[in-house]
file upload_1.pdb (PDB, C-alpha atoms)
ATOM      1  CA  MET A   1       0.000   0.000   0.000  1.00  0.00           C
ATOM      2  CA  LEU A   2       2.796   2.412   0.870  1.00  0.00           C
ATOM      3  CA  SER A   3       4.498   1.570  -2.410  1.00  0.00           C
ATOM      4  CA  ASN A   4       1.321   2.473  -4.397  1.00  0.00           C
ATOM      5  CA  PHE A   5       1.099   5.747  -2.512  1.00  0.00           C
ATOM      6  CA  LYS A   6       4.727   6.568  -3.408  1.00  0.00           C
ATOM      7  CA  LYS A   7       4.041   5.820  -7.096  1.00  0.00           C
ATOM      8  CA  ILE A   8       0.962   8.043  -7.128  1.00  0.00           C
ATOM      9  CA  LEU A   9       2.847  10.803  -5.343  1.00  0.00           C
ATOM     10  CA  ALA A  10       5.758  10.536  -7.802  1.00  0.00           C
ATOM     11  CA  ILE A  11       3.375  10.691 -10.808  1.00  0.00           C
ATOM     12  CA  ALA A  12       1.604  13.710  -9.306  1.00  0.00           C
ATOM     13  CA  CYS A  13       4.916  15.518  -8.750  1.00  0.00           C
ATOM     14  CA  VAL A  14       6.109  14.834 -12.299  1.00  0.00           C
ATOM     15  CA  THR A  15       2.762  15.963 -13.737  1.00  0.00           C
ATOM     16  CA  MET A  16       2.868  19.196 -11.757  1.00  0.00           C
ATOM     17  CA  ALA A  17       6.476  19.852 -12.775  1.00  0.00           C
ATOM     18  CA  VAL A  18       5.693  19.317 -16.471  1.00  0.00           C
ATOM     19  CA  GLY A  19       2.592  21.495 -16.183  1.00  0.00           C
ATOM     20  CA  ALA A  20       4.531  24.229 -14.435  1.00  0.00           C
ATOM     21  CA  VAL A  21       7.040  24.307 -17.277  1.00  0.00           C
ATOM     22  CA  THR A  22       4.632  24.075 -20.236  1.00  0.00           C
ATOM     23  CA  LEU A  23       1.762  26.264 -19.042  1.00  0.00           C
ATOM     24  CA  PRO A  24       3.705  29.570 -19.087  1.00  0.00           C
ATOM     25  CA  ASN A  25       4.999  28.721 -22.563  1.00  0.00           C
ATOM     26  CA  LEU A  26       1.466  28.118 -23.830  1.00  0.00           C
ATOM     27  CA  VAL A  27       0.216  31.388 -22.370  1.00  0.00           C
ATOM     28  CA  SER A  28       3.225  33.230 -23.791  1.00  0.00           C
ATOM     29  CA  ALA A  29       2.590  31.771 -27.249  1.00  0.00           C
ATOM     30  CA  GLN A  30      -1.027  32.936 -27.166  1.00  0.00           C
ATOM     31  CA  ASN A  31      -0.032  36.436 -26.080  1.00  0.00           C
ATOM     32  CA  THR A  32       2.607  36.630 -28.815  1.00  0.00           C
ATOM     33  CA  THR A  33       0.045  35.666 -31.449  1.00  0.00           C
ATOM     34  CA  GLN A  34      -2.392  38.258 -30.149  1.00  0.00           C
ATOM     35  CA  ASN A  35       0.287  40.958 -30.050  1.00  0.00           C
ATOM     36  CA  GLN A  36       1.333  40.220 -33.634  1.00  0.00           C
ATOM     37  CA  SER A  37      -2.235  40.461 -34.887  1.00  0.00           C
ATOM     38  CA  GLU A  38      -2.758  43.658 -32.909  1.00  0.00           C
ATOM     39  CA  LYS A  39       0.335  45.165 -34.554  1.00  0.00           C
ATOM     40  CA  ARG A  40      -1.147  44.462 -37.977  1.00  0.00           C
ATOM     41  CA  MET A  41      -4.564  45.901 -37.181  1.00  0.00           C
ATOM     42  CA  PRO A  42      -3.673  49.612 -37.598  1.00  0.00           C
ATOM     43  CA  ARG A  43      -2.709  48.908 -41.193  1.00  0.00           C
ATOM     44  CA  GLN A  44      -6.392  48.622 -42.007  1.00  0.00           C
ATOM     45  CA  GLY A  45      -7.608  52.089 -42.834  1.00  0.00           C
ATOM     46  CA  GLY A  46      -4.020  53.284 -43.083  1.00  0.00           C
ATOM     47  CA  GLY A  47      -3.172  56.917 -42.482  1.00  0.00           C
ATOM     48  CA  TRP A  48      -6.428  58.201 -43.897  1.00  0.00           C
ATOM     49  CA  GLN A  49      -7.792  58.470 -40.369  1.00  0.00           C
ATOM     50  CA  LYS A  50      -5.018  60.907 -39.487  1.00  0.00           C
ATOM     51  CA  LEU A  51      -6.166  63.270 -42.236  1.00  0.00           C
ATOM     52  CA  ASN A  52      -9.477  63.993 -40.468  1.00  0.00           C
ATOM     53  CA  LEU A  53     -11.499  63.683 -43.661  1.00  0.00           C
ATOM     54  CA  THR A  54     -14.999  65.095 -43.755  1.00  0.00           C
ATOM     55  CA  ASP A  55     -17.895  62.790 -44.537  1.00  0.00           C
ATOM     56  CA  ALA A  56     -18.163  64.405 -47.973  1.00  0.00           C
ATOM     57  CA  GLN A  57     -14.467  63.738 -48.657  1.00  0.00           C
ATOM     58  CA  LYS A  58     -14.828  60.134 -47.510  1.00  0.00           C
ATOM     59  CA  ALA A  59     -17.788  59.640 -49.845  1.00  0.00           C
ATOM     60  CA  GLN A  60     -15.911  61.206 -52.789  1.00  0.00           C
ATOM     61  CA  ILE A  61     -12.843  59.054 -52.171  1.00  0.00           C
ATOM     62  CA  LYS A  62     -14.958  55.927 -51.880  1.00  0.00           C
ATOM     63  CA  THR A  63     -16.592  56.730 -55.226  1.00  0.00           C
ATOM     64  CA  ILE A  64     -13.186  57.340 -56.831  1.00  0.00           C
ATOM     65  CA  LYS A  65     -11.826  54.041 -55.478  1.00  0.00           C
ATOM     66  CA  ASP A  66     -14.928  52.117 -56.587  1.00  0.00           C
ATOM     67  CA  ASN A  67     -14.623  53.580 -60.089  1.00  0.00           C
ATOM     68  CA  ALA A  68     -10.932  52.681 -60.206  1.00  0.00           C
ATOM     69  CA  LYS A  69     -11.731  49.128 -59.161  1.00  0.00           C
ATOM     70  CA  THR A  70     -14.284  48.840 -61.947  1.00  0.00           C
ATOM     71  CA  GLN A  71     -11.779  50.226 -64.438  1.00  0.00           C
ATOM     72  CA  ARG A  72      -9.096  47.782 -63.285  1.00  0.00           C
ATOM     73  CA  GLN A  73     -11.504  44.855 -63.603  1.00  0.00           C
ATOM     74  CA  SER A  74     -12.245  45.835 -67.190  1.00  0.00           C
ATOM     75  CA  VAL A  75      -8.523  45.645 -68.038  1.00  0.00           C
ATOM     76  CA  PHE A  76      -8.292  41.945 -67.093  1.00  0.00           C
ATOM     77  CA  THR A  77      -9.333  39.052 -69.277  1.00  0.00           C
ATOM     78  CA  ALA A  78     -11.952  36.617 -67.963  1.00  0.00           C
ATOM     79  CA  GLU A  79      -9.186  34.129 -67.128  1.00  0.00           C
ATOM     80  CA  GLN A  80      -7.197  36.742 -65.203  1.00  0.00           C
ATOM     81  CA  ARG A  81     -10.303  37.825 -63.272  1.00  0.00           C
ATOM     82  CA  ALA A  82     -10.951  34.183 -62.369  1.00  0.00           C
ATOM     83  CA  LYS A  83      -7.381  33.804 -61.045  1.00  0.00           C
ATOM     84  CA  LEU A  84      -7.741  36.958 -58.962  1.00  0.00           C
ATOM     85  CA  GLU A  85     -11.082  35.840 -57.548  1.00  0.00           C
ATOM     86  CA  GLN A  86      -9.698  32.415 -56.696  1.00  0.00           C
ATOM     87  CA  ALA A  87      -6.738  33.997 -54.907  1.00  0.00           C
ATOM     88  CA  ARG A  88      -9.044  36.378 -53.035  1.00  0.00           C
ATOM     89  CA  GLN A  89     -11.274  33.547 -51.829  1.00  0.00           C
ATOM     90  CA  SER A  90      -8.375  31.328 -50.781  1.00  0.00           C
ATOM     91  CA  GLY A  91      -6.605  34.196 -49.043  1.00  0.00           C
ATOM     92  CA  ASP A  92      -3.381  33.346 -50.892  1.00  0.00           C
ATOM     93  CA  ARG A  93      -2.732  36.560 -52.794  1.00  0.00           C
ATOM     94  CA  LYS A  94       1.044  36.420 -52.649  1.00  0.00           C
ATOM     95  CA  GLY A  95       2.484  36.494 -56.138  1.00  0.00           C
ATOM     96  CA  VAL A  96      -0.901  36.184 -57.852  1.00  0.00           C
ATOM     97  CA  PHE A  97      -0.501  39.483 -59.700  1.00  0.00           C
ATOM     98  CA  LYS A  98       2.731  38.301 -61.301  1.00  0.00           C
ATOM     99  CA  SER A  99       1.076  35.055 -62.355  1.00  0.00           C
ATOM    100  CA  LEU A 100      -1.505  36.986 -64.400  1.00  0.00           C
ATOM    101  CA  ASN A 101       1.086  37.603 -67.142  1.00  0.00           C
ATOM    102  CA  LEU A 102      -0.246  41.034 -68.013  1.00  0.00           C
ATOM    103  CA  THR A 103       0.518  42.380 -71.456  1.00  0.00           C
ATOM    104  CA  ASP A 104       2.417  45.644 -71.808  1.00  0.00           C
ATOM    105  CA  ALA A 105      -0.828  47.347 -72.812  1.00  0.00           C
ATOM    106  CA  GLN A 106      -2.554  46.045 -69.677  1.00  0.00           C
ATOM    107  CA  LYS A 107       0.341  47.218 -67.515  1.00  0.00           C
ATOM    108  CA  GLN A 108       0.140  50.688 -69.065  1.00  0.00           C
ATOM    109  CA  GLN A 109      -3.616  50.814 -68.511  1.00  0.00           C
ATOM    110  CA  MET A 110      -3.204  49.781 -64.871  1.00  0.00           C
ATOM    111  CA  LYS A 111      -0.536  52.419 -64.341  1.00  0.00           C
ATOM    112  CA  ALA A 112      -2.744  55.097 -65.933  1.00  0.00           C
ATOM    113  CA  ILE A 113      -5.688  54.100 -63.749  1.00  0.00           C
ATOM    114  CA  GLY A 114      -3.488  54.293 -60.644  1.00  0.00           C
ATOM    115  CA  GLU A 115      -2.117  57.714 -61.538  1.00  0.00           C
ATOM    116  CA  SER A 116      -5.581  59.023 -62.379  1.00  0.00           C
ATOM    117  CA  THR A 117      -6.953  57.712 -59.098  1.00  0.00           C
ATOM    118  CA  LYS A 118      -4.170  59.367 -57.102  1.00  0.00           C
ATOM    119  CA  ALA A 119      -4.740  62.674 -58.877  1.00  0.00           C
ATOM    120  CA  GLN A 120      -8.497  62.552 -58.295  1.00  0.00           C
ATOM    121  CA  ILE A 121      -8.061  61.774 -54.611  1.00  0.00           C
ATOM    122  CA  LYS A 122      -5.483  64.527 -54.268  1.00  0.00           C
ATOM    123  CA  ASN A 123      -8.013  66.998 -55.705  1.00  0.00           C
ATOM    124  CA  VAL A 124     -10.490  66.017 -52.972  1.00  0.00           C
ATOM    125  CA  LEU A 125      -8.010  66.879 -50.203  1.00  0.00           C
ATOM    126  CA  THR A 126      -7.368  70.336 -48.825  1.00  0.00           C
ATOM    127  CA  PRO A 127      -3.841  71.747 -49.268  1.00  0.00           C
ATOM    128  CA  ALA A 128      -3.104  71.021 -45.590  1.00  0.00           C
ATOM    129  CA  GLN A 129      -4.297  67.416 -45.979  1.00  0.00           C
ATOM    130  CA  GLN A 130      -2.205  67.035 -49.139  1.00  0.00           C
ATOM    131  CA  GLN A 131       0.861  68.245 -47.275  1.00  0.00           C
ATOM    132  CA  GLN A 132       0.133  65.899 -44.372  1.00  0.00           C
ATOM    133  CA  LEU A 133      -0.310  62.972 -46.793  1.00  0.00           C
ATOM    134  CA  GLU A 134       3.057  63.714 -48.417  1.00  0.00           C
ATOM    135  CA  GLN A 135       4.706  63.830 -44.985  1.00  0.00           C
ATOM    136  CA  MET A 136       3.149  60.475 -44.087  1.00  0.00           C
ATOM    137  CA  LYS A 137       4.515  58.993 -47.324  1.00  0.00           C
ATOM    138  CA  LEU A 138       8.006  60.270 -46.520  1.00  0.00           C
ATOM    139  CA  ASP A 139       7.778  58.869 -42.993  1.00  0.00           C
ATOM    140  CA  ARG A 140       6.671  55.500 -44.360  1.00  0.00           C
ATOM    141  CA  LYS A 141       9.627  55.424 -46.781  1.00  0.00           C
ATOM    142  CA  GLN A 142      12.052  56.210 -43.975  1.00  0.00           C
ATOM    143  CA  ASN A 143      10.531  53.507 -41.756  1.00  0.00           C
ATOM    144  CA  ARG A 144      10.972  50.904 -44.490  1.00  0.00           C
ATOM    145  CA  GLY A 145      14.713  51.367 -44.292  1.00  0.00           C
ATOM    146  CA  THR A 146      14.774  50.617 -40.563  1.00  0.00           C
ATOM    147  CA  ARG A 147      12.943  47.281 -40.840  1.00  0.00           C
TER     148      ARG A 147
END
call {"tool": "encode", "arguments": {"input": "upload_1.pdb", "output": "structure tokens"}}
result
Amino acid sequence: MLSNFKKILAIACVTMAVGAVTLPNLVSAQNTTQNQSEKRMPRQGGGWQKLNLTDAQKAQIKTIKDNAKTQRQSVFTAEQRAKLEQARQSGDRKGVFKSLNLTDAQKQQMKAIGESTKAQIKNVLTPAQQQQLEQMKLDRKQNRGTR
């Protein structure tokens, strides 16, 4: 009987020791995952929030972006649109744009749409907001070098 008690006590001690070592690691891993996702969250919405846009400006910019999206979709072939949609649904967007094999004409159209969109959005902003946006771009470029 005493021998069974010693075995049970030894198993309990080993279990507690293993638990004491692994539990903090599990909690730490969960916190690390949460912290990493929290760091990524501010990226959504970007610096636009810092510009203190009016509701009218937000609506104009949304319209401009929606129009640009429609224009970009019209540049792609049906096959290219299908590839993009598949990548969007799977969540695996890395490298999908390169796999579209855009023609030079398509690349030029995409570039023109992007430049037009930037110009239209810039026209919606006040001079102070434009200056602030340029400063944010410079800051972002400088931060890229430190990563």
call {"tool": "atom_distance", "arguments": {"input": "upload_1.pdb", "atom1": "atom CA of Asp66 of chain A", "atom2": "atom CA of Leu51 of chain A"}}
result
20.2 Å
call {"tool": "resolve_selection", "arguments": {"input": "upload_1.pdb", "expression": "the PyMOL selection byres ((chain A and resi 120) around 12)", "output": "list in words"}}
result
Gln57, Gln60, Ile61, Lys62, Thr63, Ile64, Lys65, Asn67, Ala68, Ile113, Gly114, Glu115, Ser116, Thr117, Lys118, Ala119, Ile121, Lys122, Asn123, Val124, Leu125 and Gln130 of chain A
call {"tool": "resolve_selection", "arguments": {"input": "upload_1.pdb", "expression": "the PyMOL selection byres ((chain A and resi 97-101) around 10)", "output": "JSON, numbers by chain"}}
result
{"A": [76, 77, 79, 80, 81, 83, 84, 87, 93, 94, 95, 96, 102, 103, 104, 106, 107]}
call {"tool": "atom_distance", "arguments": {"input": "upload_1.pdb", "atom1": "atom CA of Leu53 of chain A", "atom2": "atom CA of Thr126 of chain A"}}
result
9.4 Å
call {"tool": "atom_distance", "arguments": {"input": "upload_1.pdb", "atom1": "atom CA of Arg88 of chain A", "atom2": "atom CA of Gln73 of chain A"}}
result
13.8 Å
call {"tool": "residues_around", "arguments": {"input": "upload_1.pdb", "residues": "Met136 of chain A", "least_positions_apart": "5", "cutoff": "12 Å", "atoms": "only C-alpha atoms", "output": "ChimeraX atom specification"}}
result
/A:46-51,129-131,141-143
